[in-house]
Structure formats: structure tokens, C-alpha cells
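*Asks:* One file: input-v3.tsv (TSV, C-alpha atoms and all ligand atoms).
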chain	number	residue	atom	x	y	z
O	83	MET	CA	-19.07	11.13	10.32
O	84	SER	CA	-16.63	10.63	7.46
O	85	TYR	CA	-17.40	11.02	3.75
O	86	PHE	CA	-18.46	7.41	3.14
O	87	SER	CA	-19.71	5.74	6.26
O	88	VAL	CA	-20.89	2.15	6.51
O	89	GLN	CA	-22.44	1.44	9.88
O	90	LYS	CA	-22.94	-2.12	11.08
O	91	ILE	CA	-24.55	-3.52	7.97
O	92	SER	CA	-25.41	-7.21	8.06
O	93	LYS	CA	-27.04	-9.66	5.67
O	94	SER	CA	-28.34	-13.22	5.75
O	95	TYR	CA	-29.92	-15.29	3.02
O	96	ASP	CA	-32.41	-17.93	4.21
O	97	GLU	CA	-30.93	-17.84	7.71
O	98	GLN	CA	-27.41	-18.28	6.36
O	99	VAL	CA	-25.26	-15.36	7.43
O	100	ALA	CA	-23.48	-13.80	4.43
O	101	LEU	CA	-22.25	-10.70	6.28
O	102	HIS	CA	-21.76	-10.10	9.99
O	103	PRO	CA	-22.09	-6.47	11.13
O	104	PHE	CA	-19.61	-4.57	8.99
O	105	SER	CA	-18.49	-0.97	9.47
O	106	LEU	CA	-16.21	1.28	7.50
O	107	GLU	CA	-15.24	4.95	7.34
O	108	LEU	CA	-13.59	6.42	4.23
O	109	ASN	CA	-12.53	9.94	3.29
O	110	GLN	CA	-12.96	11.41	-0.16
O	111	GLY	CA	-10.31	10.06	-2.56
O	112	ASP	CA	-9.39	7.09	-0.34
O	113	PHE	CA	-8.65	3.70	-1.85
O	114	LEU	CA	-9.50	0.50	-0.02
O	115	ALA	CA	-9.14	-3.15	-1.00
O	116	ILE	CA	-11.25	-5.86	0.58
O	117	VAL	CA	-9.67	-9.27	0.12
O	118	GLY	CA	-11.49	-12.53	0.73
O	119	GLU	CA	-12.00	-16.00	-0.65
O	120	SER	CA	-15.05	-16.94	-2.68
O	121	GLY	CA	-18.23	-16.77	-0.62
O	122	SER	CA	-16.77	-14.44	2.01
O	123	GLY	CA	-19.55	-11.90	1.42
O	124	LYS	CA	-17.71	-9.38	-0.77
O	125	SER	CA	-20.40	-9.00	-3.44
O	126	SER	CA	-23.22	-8.73	-0.92
O	127	LEU	CA	-21.30	-6.02	0.89
O	128	LEU	CA	-20.69	-3.95	-2.26
O	129	ARG	CA	-24.28	-4.31	-3.43
O	130	ILE	CA	-25.53	-3.01	-0.10
O	131	MET	CA	-23.02	-0.13	-0.24
O	132	ALA	CA	-24.34	0.77	-3.70
O	133	GLY	CA	-27.98	0.74	-2.55
O	134	LEU	CA	-28.74	-2.26	-4.78
O	135	GLU	CA	-29.46	-4.82	-2.08
O	136	VAL	CA	-31.56	-4.67	1.08
O	137	GLN	CA	-29.51	-5.16	4.25
O	138	ASP	CA	-30.93	-6.81	7.38
O	139	SER	CA	-29.57	-4.07	9.62
O	140	GLY	CA	-27.26	-1.07	9.60
O	141	GLU	CA	-26.96	2.00	7.41
O	142	VAL	CA	-24.76	3.51	4.71
O	143	PHE	CA	-24.13	7.26	4.38
O	144	LEU	CA	-22.53	9.22	1.58
O	145	ASP	CA	-21.52	12.74	2.49
O	146	GLY	CA	-23.93	12.64	5.44
O	147	ASN	CA	-26.94	11.45	3.36
O	148	PRO	CA	-28.38	7.97	3.81
O	149	VAL	CA	-27.90	5.57	0.89
O	150	LEU	CA	-31.38	4.11	0.46
O	151	ASN	CA	-31.89	0.46	-0.41
O	152	PRO	CA	-34.36	-0.91	-2.99
O	153	ASN	CA	-37.11	-1.13	-0.32
O	154	GLN	CA	-36.75	2.58	0.37
O	155	LYS	CA	-36.27	3.98	-3.14
O	156	ILE	CA	-38.27	3.45	-6.33
O	157	VAL	CA	-35.33	3.35	-8.73
O	158	SER	CA	-32.53	1.55	-6.93
O	159	GLY	CA	-28.93	2.68	-7.15
O	160	TYR	CA	-27.20	6.03	-7.43
O	161	ASP	CA	-25.21	7.94	-10.03
O	162	GLU	CA	-22.84	8.90	-7.21
O	163	ILE	CA	-22.03	5.27	-6.37
O	164	LYS	CA	-21.17	2.99	-9.26
O	165	LEU	CA	-20.66	-0.74	-8.99
O	166	ILE	CA	-18.66	-2.54	-11.67
O	167	HIS	CA	-18.42	-6.31	-11.80
O	168	GLN	CA	-17.03	-8.98	-14.08
O	169	ASN	CA	-20.14	-9.29	-16.22
O	170	PHE	CA	-20.08	-5.71	-17.36
O	171	HIS	CA	-22.59	-4.61	-19.92
O	172	LEU	CA	-21.61	-2.62	-23.01
O	173	TYR	CA	-24.01	-1.59	-25.77
O	174	PRO	CA	-22.87	-4.06	-28.46
O	175	ASN	CA	-24.00	-2.01	-31.46
O	176	SER	CA	-22.62	1.30	-30.24
O	177	THR	CA	-19.08	2.56	-30.64
O	178	VAL	CA	-16.74	3.14	-27.72
O	179	GLU	CA	-17.52	6.84	-27.84
O	180	GLU	CA	-21.29	6.19	-27.87
O	181	ASN	CA	-20.96	3.76	-24.97
O	182	LEU	CA	-19.28	6.47	-22.91
O	183	SER	CA	-21.80	9.15	-23.99
O	184	ARG	CA	-25.02	7.21	-23.35
O	185	PRO	CA	-25.06	7.72	-19.57
O	186	LEU	CA	-24.67	11.46	-20.21
O	187	LEU	CA	-27.74	11.88	-22.46
O	188	HIS	CA	-29.48	14.20	-20.02
O	189	TYR	CA	-26.43	16.31	-19.31
O	190	GLU	CA	-25.61	19.60	-20.98
O	191	LYS	CA	-24.10	18.90	-24.46
O	192	SER	CA	-20.73	20.63	-24.15
O	193	TYR	CA	-20.21	19.17	-20.66
O	194	ALA	CA	-20.98	15.67	-21.99
O	195	LYS	CA	-18.61	16.11	-24.93
O	196	ASN	CA	-15.75	17.31	-22.73
O	197	ARG	CA	-16.32	14.53	-20.26
O	198	VAL	CA	-16.20	11.83	-22.97
O	199	GLU	CA	-13.02	13.35	-24.44
O	200	LYS	CA	-11.39	13.36	-21.05
O	201	LEU	CA	-12.32	9.72	-20.37
O	202	LEU	CA	-11.11	8.61	-23.82
O	203	LYS	CA	-7.82	10.34	-23.12
O	204	ILE	CA	-7.13	9.12	-19.62
O	205	LEU	CA	-8.23	5.56	-20.36
O	206	GLY	CA	-6.05	5.47	-23.49
O	207	LEU	CA	-9.07	4.76	-25.71
O	208	LYS	CA	-8.85	7.68	-28.14
O	209	GLU	CA	-7.74	5.61	-31.09
O	210	TYR	CA	-10.53	3.09	-30.46
O	211	ARG	CA	-13.35	5.62	-30.20
O	212	ASP	CA	-15.08	4.47	-33.41
O	213	ARG	CA	-14.77	0.74	-32.76
O	214	MET	CA	-17.56	-1.55	-31.66
O	215	PRO	CA	-17.01	-3.52	-28.43
O	216	ARG	CA	-16.50	-6.77	-30.39
O	217	GLN	CA	-13.50	-5.15	-32.11
O	218	LEU	CA	-11.72	-4.62	-28.78
O	219	SER	CA	-9.61	-6.90	-26.56
O	220	GLY	CA	-11.02	-8.03	-23.20
O	221	GLY	CA	-8.90	-5.44	-21.37
O	222	GLN	CA	-10.03	-2.63	-23.67
O	223	GLN	CA	-13.67	-3.65	-23.22
O	224	GLN	CA	-13.20	-3.64	-19.48
O	225	LYS	CA	-11.76	-0.12	-19.70
O	226	VAL	CA	-14.82	1.02	-21.66
O	227	ALA	CA	-17.06	-0.51	-18.97
O	228	ILE	CA	-15.17	1.36	-16.28
O	229	GLY	CA	-15.24	4.54	-18.38
O	230	LYS	CA	-19.00	4.14	-18.80
O	231	ALA	CA	-19.42	3.91	-15.03
O	232	MET	CA	-17.16	6.92	-14.56
O	233	SER	CA	-18.81	9.14	-17.17
O	234	VAL	CA	-21.36	10.44	-14.66
O	235	GLU	CA	-18.47	11.29	-12.30
O	236	PRO	CA	-19.33	8.91	-9.48
O	237	ASP	CA	-18.04	9.89	-6.08
O	238	ILE	CA	-17.51	6.26	-5.17
O	239	LEU	CA	-16.48	3.46	-7.47
O	240	LEU	CA	-17.05	-0.08	-6.24
O	241	LEU	CA	-15.05	-2.68	-8.15
O	242	ASP	CA	-16.26	-6.26	-7.71
O	243	GLU	CA	-13.53	-8.48	-9.18
O	244	PRO	CA	-13.94	-6.68	-12.50
O	245	PHE	CA	-10.74	-8.10	-13.96
O	246	SER	CA	-11.39	-11.82	-13.50
O	247	SER	CA	-11.83	-12.37	-17.24
O	248	LEU	CA	-8.37	-10.96	-17.97
O	249	ASP	CA	-4.97	-12.63	-17.62
O	250	THR	CA	-2.52	-11.62	-14.88
O	251	ILE	CA	-0.38	-9.35	-17.05
O	252	GLN	CA	-3.41	-7.53	-18.50
O	253	THR	CA	-4.93	-7.17	-15.03
O	254	GLN	CA	-1.79	-5.76	-13.48
O	255	GLY	CA	-1.29	-3.27	-16.30
O	256	LEU	CA	-4.91	-2.17	-16.20
O	257	ILE	CA	-4.95	-1.67	-12.42
O	258	ALA	CA	-1.83	0.51	-12.66
O	259	GLU	CA	-3.42	2.64	-15.42
O	260	LEU	CA	-6.72	2.90	-13.59
O	261	LYS	CA	-5.02	3.93	-10.38
O	262	GLU	CA	-3.63	6.98	-12.17
O	263	THR	CA	-7.10	7.74	-13.50
O	264	PHE	CA	-8.76	7.43	-10.09
O	265	LEU	CA	-6.12	9.67	-8.52
O	266	GLU	CA	-6.55	12.27	-11.23
O	267	MET	CA	-10.33	12.26	-10.81
O	268	GLY	CA	-10.23	12.14	-7.01
O	269	THR	CA	-12.53	9.10	-7.02
O	270	THR	CA	-13.01	7.11	-3.82
O	271	VAL	CA	-12.48	3.46	-4.72
O	272	ILE	CA	-13.32	0.19	-3.01
O	273	PHE	CA	-11.90	-2.85	-4.77
O	274	VAL	CA	-12.94	-6.34	-3.71
O	275	THR	CA	-10.89	-9.29	-4.87
O	276	HIS	CA	-9.70	-12.74	-3.82
O	277	ASP	CA	-6.21	-11.86	-5.09
O	278	LEU	CA	-3.94	-10.04	-2.68
O	279	ASP	CA	-1.43	-9.18	-5.44
O	280	ASP	CA	-4.12	-7.40	-7.45
O	281	ALA	CA	-5.29	-5.56	-4.33
O	282	LEU	CA	-1.78	-4.34	-3.56
O	283	ARG	CA	-1.39	-2.87	-7.03
O	284	LEU	CA	-4.16	-0.44	-6.14
O	285	THR	CA	-3.62	0.22	-2.46
O	286	ASP	CA	-1.92	-0.76	0.76
O	287	ASN	CA	-5.10	-0.13	2.75
O	288	LEU	CA	-6.51	-3.62	3.28
O	289	ILE	CA	-9.41	-5.36	4.95
O	290	ILE	CA	-9.45	-9.14	5.03
O	291	LEU	CA	-12.87	-10.77	4.98
O	292	GLN	CA	-13.57	-14.41	5.84
O	293	LYS	CA	-17.02	-16.00	6.02
O	294	GLY	CA	-18.65	-12.58	6.20
O	295	LYS	CA	-16.43	-11.31	9.03
O	296	VAL	CA	-13.54	-8.85	9.08
O	297	VAL	CA	-10.64	-10.93	10.33
O	298	GLN	CA	-7.91	-8.29	10.07
O	299	LYS	CA	-7.25	-4.77	8.79
O	300	GLY	CA	-3.98	-3.00	8.04
O	301	THR	CA	-1.19	-2.47	5.56
O	302	SER	CA	0.42	-5.28	3.64
O	303	ARG	CA	3.44	-5.13	5.95
O	304	GLU	CA	1.34	-5.28	9.11
O	305	LEU	CA	-0.67	-8.24	7.85
O	306	CYS	CA	2.36	-10.08	6.50
O	307	GLU	CA	4.50	-9.61	9.62
O	308	ALA	CA	1.77	-10.13	12.20
O	309	PRO	CA	-1.04	-12.21	10.71
O	310	LYS	CA	-3.72	-13.10	13.23
O	311	SER	CA	-4.72	-16.34	11.54
O	312	LYS	CA	-3.56	-18.98	9.08
O	313	TYR	CA	-6.04	-17.56	6.57
O	314	VAL	CA	-4.33	-14.14	6.61
O	315	ALA	CA	-0.82	-15.63	6.70
O	316	ARG	CA	-1.56	-17.78	3.64
O	317	LEU	CA	-2.56	-14.77	1.56
O	318	PHE	CA	1.15	-13.92	1.39
O	319	SER	CA	2.83	-17.32	1.05
O	320	ALA	CA	2.63	-20.94	2.01
O	321	ILE	CA	3.22	-21.60	5.71
O	322	ASN	CA	5.00	-24.62	7.22
O	323	ARG	CA	3.89	-26.16	10.50
O	324	ILE	CA	6.75	-26.86	12.91
O	325	PRO	CA	6.47	-30.47	14.12
O	326	GLU	CA	5.81	-31.14	17.78
O	327	ARG	CA	4.96	-27.53	18.46
O	328	ASP	CA	1.50	-26.17	18.86
O	329	ARG	CA	0.24	-23.62	16.28
O	330	SER	CA	3.78	-22.62	15.21
O	331	TYR	CA	4.46	-21.86	11.55
O	332	VAL	CA	7.31	-20.53	9.44
O	333	ARG	CA	7.33	-19.11	5.91
O	334	PRO	CA	9.30	-20.67	3.00
O	335	ALA	CA	11.48	-17.55	2.67
O	336	ASP	CA	12.40	-17.56	6.38
O	337	ILE	CA	14.04	-20.98	6.33
O	338	ARG	CA	17.79	-21.51	5.91
O	339	LEU	CA	19.04	-24.59	4.11
O	340	ARG	CA	22.16	-26.22	5.56
O	341	THR	CA	24.15	-29.40	5.02
O	342	LYS	CA	24.26	-30.11	8.78
O	343	GLY	CA	22.44	-29.16	11.97
O	344	GLY	CA	18.71	-28.57	12.27
O	345	LEU	CA	15.57	-30.33	11.15
O	346	LEU	CA	16.41	-33.09	8.69
O	347	GLY	CA	14.50	-33.64	5.44
O	348	HIS	CA	14.77	-34.80	1.82
O	349	VAL	CA	14.05	-32.73	-1.26
O	350	VAL	CA	11.14	-34.41	-3.06
O	351	ASP	CA	10.42	-31.73	-5.65
O	352	SER	CA	11.93	-28.53	-7.05
O	353	ARG	CA	10.43	-25.76	-9.18
O	354	PHE	CA	12.44	-23.05	-10.92
O	355	LEU	CA	10.90	-19.65	-10.11
O	356	VAL	CA	12.22	-16.24	-11.02
O	357	HIS	CA	14.10	-15.41	-7.79
O	358	PHE	CA	14.64	-18.85	-6.27
O	359	ASN	CA	13.93	-22.55	-6.59
O	360	SER	CA	10.87	-23.58	-4.62
O	361	LEU	CA	11.59	-26.91	-2.92
O	362	GLN	CA	9.24	-29.46	-1.42
O	363	ILE	CA	11.02	-31.10	1.50
O	364	ARG	CA	9.70	-34.17	3.29
O	365	LEU	CA	10.68	-33.96	6.96
O	366	LYS	CA	12.27	-37.05	8.51
O	367	ASP	CA	10.11	-38.98	10.99
O	368	SER	CA	7.10	-36.89	10.09
O	369	ASP	CA	4.43	-36.83	7.41
O	370	LEU	CA	5.00	-33.11	6.87
O	371	VAL	CA	6.16	-31.76	3.50
O	372	TRP	CA	7.52	-28.22	3.73
O	373	GLU	CA	7.78	-25.61	1.03
O	374	VAL	CA	11.17	-23.90	1.23
O	375	ASP	CA	12.84	-21.24	-0.93
O	376	ASP	CA	16.32	-22.06	-2.21
O	377	PRO	CA	17.67	-18.71	-3.44
O	378	GLN	CA	21.06	-20.18	-4.36
O	379	ARG	CA	19.43	-22.97	-6.42
O	380	LYS	CA	21.78	-25.38	-4.69
O	381	TYR	CA	19.62	-28.36	-3.87
O	382	GLU	CA	18.18	-31.07	-6.09
O	383	ILE	CA	15.54	-33.74	-5.80
O	384	GLY	CA	16.85	-36.51	-3.52
O	385	ASP	CA	19.27	-34.27	-1.54
O	386	ARG	CA	19.39	-34.46	2.24
O	387	VAL	CA	19.06	-31.07	3.79
O	388	TYR	CA	18.87	-29.52	7.27
O	389	LEU	CA	16.45	-26.70	7.98
O	390	ASN	CA	17.01	-23.75	10.34
O	391	TRP	CA	15.13	-20.57	11.11
O	392	ASP	CA	15.27	-17.61	13.47
O	393	GLU	CA	12.84	-17.94	16.36
O	394	HIS	CA	11.52	-14.41	15.85
O	395	LYS	CA	10.28	-15.46	12.40
O	396	VAL	CA	7.98	-18.09	13.88
O	397	MET	CA	4.28	-17.21	13.62
O	398	GLU	CA	1.91	-18.45	16.35
O	399	LEU	CA	-1.37	-18.96	14.49
O	401	LIG	N1	-29.18	-14.21	-3.58
O	401	LIG	C1	-28.66	-15.08	-2.71
O	401	LIG	N2	-29.42	-16.06	-2.18
O	401	LIG	C2	-28.90	-16.94	-1.28
O	401	LIG	N3	-27.61	-16.93	-0.88
O	401	LIG	C3	-26.81	-16.00	-1.38
O	401	LIG	C4	-27.28	-15.02	-2.33
O	401	LIG	N4	-26.24	-14.22	-2.66
O	401	LIG	C5	-25.18	-14.67	-1.95
O	401	LIG	N5	-25.51	-15.72	-1.17
O	401	LIG	C6	-24.62	-16.45	-0.25
O	401	LIG	O1	-24.02	-15.52	0.62
O	401	LIG	C7	-22.64	-15.80	0.83
O	401	LIG	C8	-21.78	-14.61	0.39
O	401	LIG	O2	-21.91	-14.45	-1.03
O	401	LIG	P1	-21.19	-13.27	-1.83
O	401	LIG	O3	-21.55	-13.42	-3.26
O	401	LIG	O4	-21.50	-12.00	-1.15
O	401	LIG	O5	-19.65	-13.63	-1.58
O	401	LIG	P2	-18.37	-13.26	-2.45
O	401	LIG	O6	-17.26	-13.14	-1.46
O	401	LIG	O7	-18.65	-12.11	-3.32
O	401	LIG	O8	-18.17	-14.56	-3.31
O	401	LIG	P3	-17.56	-14.69	-4.81
O	401	LIG	O9	-16.16	-14.18	-4.73
O	401	LIG	O10	-17.65	-16.18	-5.07
O	401	LIG	O11	-18.46	-13.89	-5.69
O	401	LIG	C9	-22.36	-17.07	0.04
O	401	LIG	O12	-22.42	-18.15	0.94
O	401	LIG	C10	-23.48	-17.13	-0.97
O	401	LIG	O13	-23.78	-18.46	-1.30
Please express what this file holds, its structure, as C-alpha cells.
Ligand SMILES: Nc1ncnc2c1ncn2[C@@H]1O[C@H](COP(=O)(O)OP(=O)(O)OP(=O)(O)O)[C@@H](O)[C@H]1O
*Replies:*
Amino acid sequence: MSYFSVQKISKSYDEQVALHPFSLELNQGDFLAIVGESGSGKSSLLRIMAGLEVQDSGEVFLDGNPVLNPNQKIVSGYDEIKLIHQNFHLYPNSTVEENLSRPLLHYEKSYAKNRVEKLLKILGLKEYRDRMPRQLSGGQQQKVAIGKAMSVEPDILLLDEPFSSLDTIQTQGLIAELKETFLEMGTTVIFVTHDLDDALRLTDNLIILQKGKVVQKGTSRELCEAPKSKYVARLFSAINRIPERDRSYVRPADIRLRTKGGLLGHVVDSRFLVHFNSLQIRLKDSDLVWEVDDPQRKYEIGDRVYLNWDEHKVMEL
């Protein structure tokens, strides 16, 4: 059995299945991202992994020991497994330093002091140590929340969309900083999110969850190049259905724009993006509107354009 082992856990609420039997094996220090849309069962899964929710079946083991659920244990949850979500709780009338120290009250004094110093340093919070949470930005507060969860040196950190209150730039910066921290501490991390980009900033080890079921596992490249469903394909980009062909799709970046030969359409919209213009093209004799990348920024609204693609780029979904 590996270090963190999740064996066929399932969960239903009032006969509605939230999680079909789910299994997972992780080694110490591994990172994993679980990506899924809202309602796909991500939070239920993490809560069961943390011993905070009763599963209908299956078991969770950490280092060979069963993780007991609230029906099996008087005080639910574990210091070794910490769950952090969006609605993190900081002590509002305590400084940053006090927030990090509180979970360590029962630890030996010099150990606790060293641990807090280390967390302040690696999270870049040293200069804010005497501030109250209300005197910090959202990103800084989130770092304190993560630091608070890490002060007891959890073996496993479960991140449940903890960055959803931050903007994209803050989130991306924070994930990069935290990744360094997790690597340095050797923490095993499971990050659940609906945002593939955020997931990829932490790890390339991905599980895609849909309606409580694992629909695909793999690296970003494997999932992007060989998606098994439209749901997985759409995590990476829009997909365009090829008319008069069954279940055949092509990505915006895999389409060539020509002035003759191919599928005829008209540009109905154009957006300037950093590496290309993103065109909306209405196909002739069809009600389909395709999204197509125009890297040369050559075409304008109203232009006639012919579309070509290599057959090996076609996805059968
Ligand atoms: N306490 C509960 N009682 C009843 N149904 C619940 C409960 N918690 C979750 N569910 C249902 O279980 C399913 C999975 O919910 P869950 O919160 O695990 O998904 P999620 O992927 O984390 O969603 P989100 O990203 O929106 O938080 C949903 O259909 C939800 O409505």
C-alpha cells in the first residue's frame, strides 16, 4: 500500500450520488490536482479524505493507518491531514504571528518558535508578522491561512479551491510561491479546482472528475492530445464540430485559414488576444459558428475565409 491510499470511497446524499467509488494512491511528497466543474464531488471527496465526512463505503489510509471518519472518532479530523478551503478562518484579533502560533500551543516552546519563524520566512510574511488580518490583502490573508494549516507540519495538505476569492494574477503568483514551500517541506498536496490553468501551475499530475466519476487521468499533454470526452477536451480550449461528420471535432489552434479551398465561412466576430486574434466564423450552409485562431491577425469581420486542418488533428469525441 502506498503512503496515502484511498480505496473505493463513495458518497450519496439523499440517494443522489455525489461520488462514485474513487481510488487513489500517492507517495510522500507527491502533488496531485483534481479538476472538475462545480458539483462534480470534489469537496465531498476531500472532506472524506480528511476524516471530516462519513463515506458510504471504502477506506482511506495514511502511512498504513486507517483515517477514521466522524462516526468512528470522537474529535473528527487529523493534524496530519489539513483541509483548506475558500472560507478560511483566521483569528481576527490576533496578529499574523499569533495566528501561526496558536495551533502550536501544546508544542515545545522552542520548536514552536522555530516553526513559526520558518513559516513566516518561506511564506514571505516576515514583515507582516505584527499586522492583524484586516490589515492584509486577500492573498496575504490566504497565505496566513495556509501557514496556519501548515504550522503543525501536516503530512497531507488538501486544498479545496482556496484561491477563489483572489484574482487570476494573485492566484498564479501565490500557487508558484506555495509550490516552492510545499517542495521544501516535502508536503503531499492534493489540490482540487475547476480551473485547469491553476491546477497546471502546481502539477502535471491530473485527475478529471465529472459528476462524481473519474473520467480521465494523466498529464496535461496526454489529456490535451487524447481527450476521451468533450468535457476533457473543453478544459483546454473550445472545440469545433465538423459538419456532416459524427463526433468529430477540431481545436481553434489546429485550423488553417486560407483564401481558397476548404470549408467556407464568414468572419462574424474578432477578438484581439495576446498571441492571436480569436475569430468567430459562421460556416456556410450550416448553423455552426466556429472559433478559430488567426495568429497573423489577417482577417476582419465580414471576410470570407476557407478553413483547413490536418486529419490527424481531428478528435473523435
Ligand atoms: N450536505 C449535502 N447534502 C446534500 N447534498 C450535498 C451535500 N453536499 C454536497 N451535496 C451534493 O453533492 C454533489 C457534489 O457536491 P460537492 O460539494 O462535493 O461538489 P464540488 O465539486 O466540490 O462542487 P463546488 O465546486 O460547487 O464546491 C452536488 O450535487 C451537491 O449538491
*Asks:* Within 7 Å of ligand LIG 401 (chain O), counting all atoms listed in the file, which protein or nucleic acid residues do you find, written as number ranges by chain?
*Replies:* O: 95-96, 99-100, 118-127, 276, 294
*Asks:* Quote the spacing between atom CA of O:Val296 and atom CA of O:Ala335 in Å to one decimal place.
*Replies:* 27.3 Å
*Asks:* Could you state the separation of atom CA of O:Leu339 and atom CA of O:Trp391 in Å, given to one decimal place?
*Replies:*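 One can read the atom CA of O:Leu339 to atom CA of O:Trp391 distance as 9.0 Å.
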*Asks:* Is it possible to get the residues within 6 Å of (-20.6, 8.6, -21.6) (coordinates as in the file, counting only C-alpha atoms) written as a CSV table (one decimal) with C-alpha atoms, in the frame of the given file?
*Replies:*
chain,number,residue,atom,x,y,z
O,181,ASN,CA,-21.0,3.8,-25.0
O,182,LEU,CA,-19.3,6.5,-22.9
O,183,SER,CA,-21.8,9.2,-24.0
O,184,ARG,CA,-25.0,7.2,-23.4
O,185,PRO,CA,-25.1,7.7,-19.6
O,186,LEU,CA,-24.7,11.5,-20.2
O,198,VAL,CA,-16.2,11.8,-23.0
O,230,LYS,CA,-19.0,4.1,-18.8
O,233,SER,CA,-18.8,9.1,-17.2
*Asks:* For O:Thr341, which residue out of O:Ser92, O:Asn390, O:Gln110, O:Thr177 is the nearest one, using all atoms listed in the file?
*Replies:*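 Closest candidate: O:Asn390.
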*Asks:* Can you check which parts of stretch 310-331 of chain O lie within 12 Å of stretch 280-289 of chain O? Per residue, the shortest pair of atoms and distance in Å to one decimal, counting only C-alpha atoms, sorted by chain and number, as CSV.
*Replies:*
residue,atom,partner,partner_atom,distance
O:Val314,CA,O:Ile289,CA,10.3
O:Leu317,CA,O:Ala281,CA,11.3
O:Phe318,CA,O:Leu282,CA,11.2
*Asks:* Please fill the gaps in stretch 293-305 of chain O so it has N, CA and C atoms, and write that as a short mmCIF file (atom, residue, chain, number, x, y, z; two decimals), in the frame of the given file.
*Replies:*
data_model
loop_
_atom_site.label_atom_id
_atom_site.label_comp_id
_atom_site.auth_asym_id
_atom_site.auth_seq_id
_atom_site.Cartn_x
_atom_site.Cartn_y
_atom_site.Cartn_z
N LYS O 293 -15.67 -15.57 5.63
CA LYS O 293 -17.02 -16.00 6.02
C LYS O 293 -17.85 -14.84 6.55
N GLY O 294 -17.80 -13.72 5.84
CA GLY O 294 -18.65 -12.58 6.20
C GLY O 294 -18.16 -11.76 7.38
N LYS O 295 -16.95 -12.05 7.87
CA LYS O 295 -16.43 -11.31 9.03
C LYS O 295 -15.10 -10.67 8.68
N VAL O 296 -14.86 -9.47 9.23
CA VAL O 296 -13.54 -8.85 9.08
C VAL O 296 -12.60 -9.58 10.02
N VAL O 297 -11.57 -10.21 9.46
CA VAL O 297 -10.64 -10.93 10.33
C VAL O 297 -9.40 -10.11 10.64
N GLN O 298 -9.05 -9.17 9.79
CA GLN O 298 -7.91 -8.29 10.07
C GLN O 298 -7.93 -7.09 9.12
N LYS O 299 -7.38 -5.98 9.61
CA LYS O 299 -7.25 -4.77 8.79
C LYS O 299 -5.82 -4.29 8.91
N GLY O 300 -5.32 -3.58 7.90
CA GLY O 300 -3.98 -3.00 8.04
C GLY O 300 -3.29 -2.87 6.71
N THR O 301 -2.00 -2.54 6.77
CA THR O 301 -1.19 -2.47 5.56
C THR O 301 -0.67 -3.87 5.26
N SER O 302 -0.14 -4.00 4.05
CA SER O 302 0.42 -5.28 3.64
C SER O 302 1.50 -5.72 4.64
N ARG O 303 2.35 -4.79 5.04
CA ARG O 303 3.44 -5.13 5.95
C ARG O 303 2.91 -5.61 7.30
N GLU O 304 1.91 -4.89 7.81
CA GLU O 304 1.34 -5.28 9.11
C GLU O 304 0.72 -6.68 9.04
N LEU O 305 0.01 -6.95 7.96
CA LEU O 305 -0.67 -8.24 7.85
C LEU O 305 0.33 -9.37 7.59
#
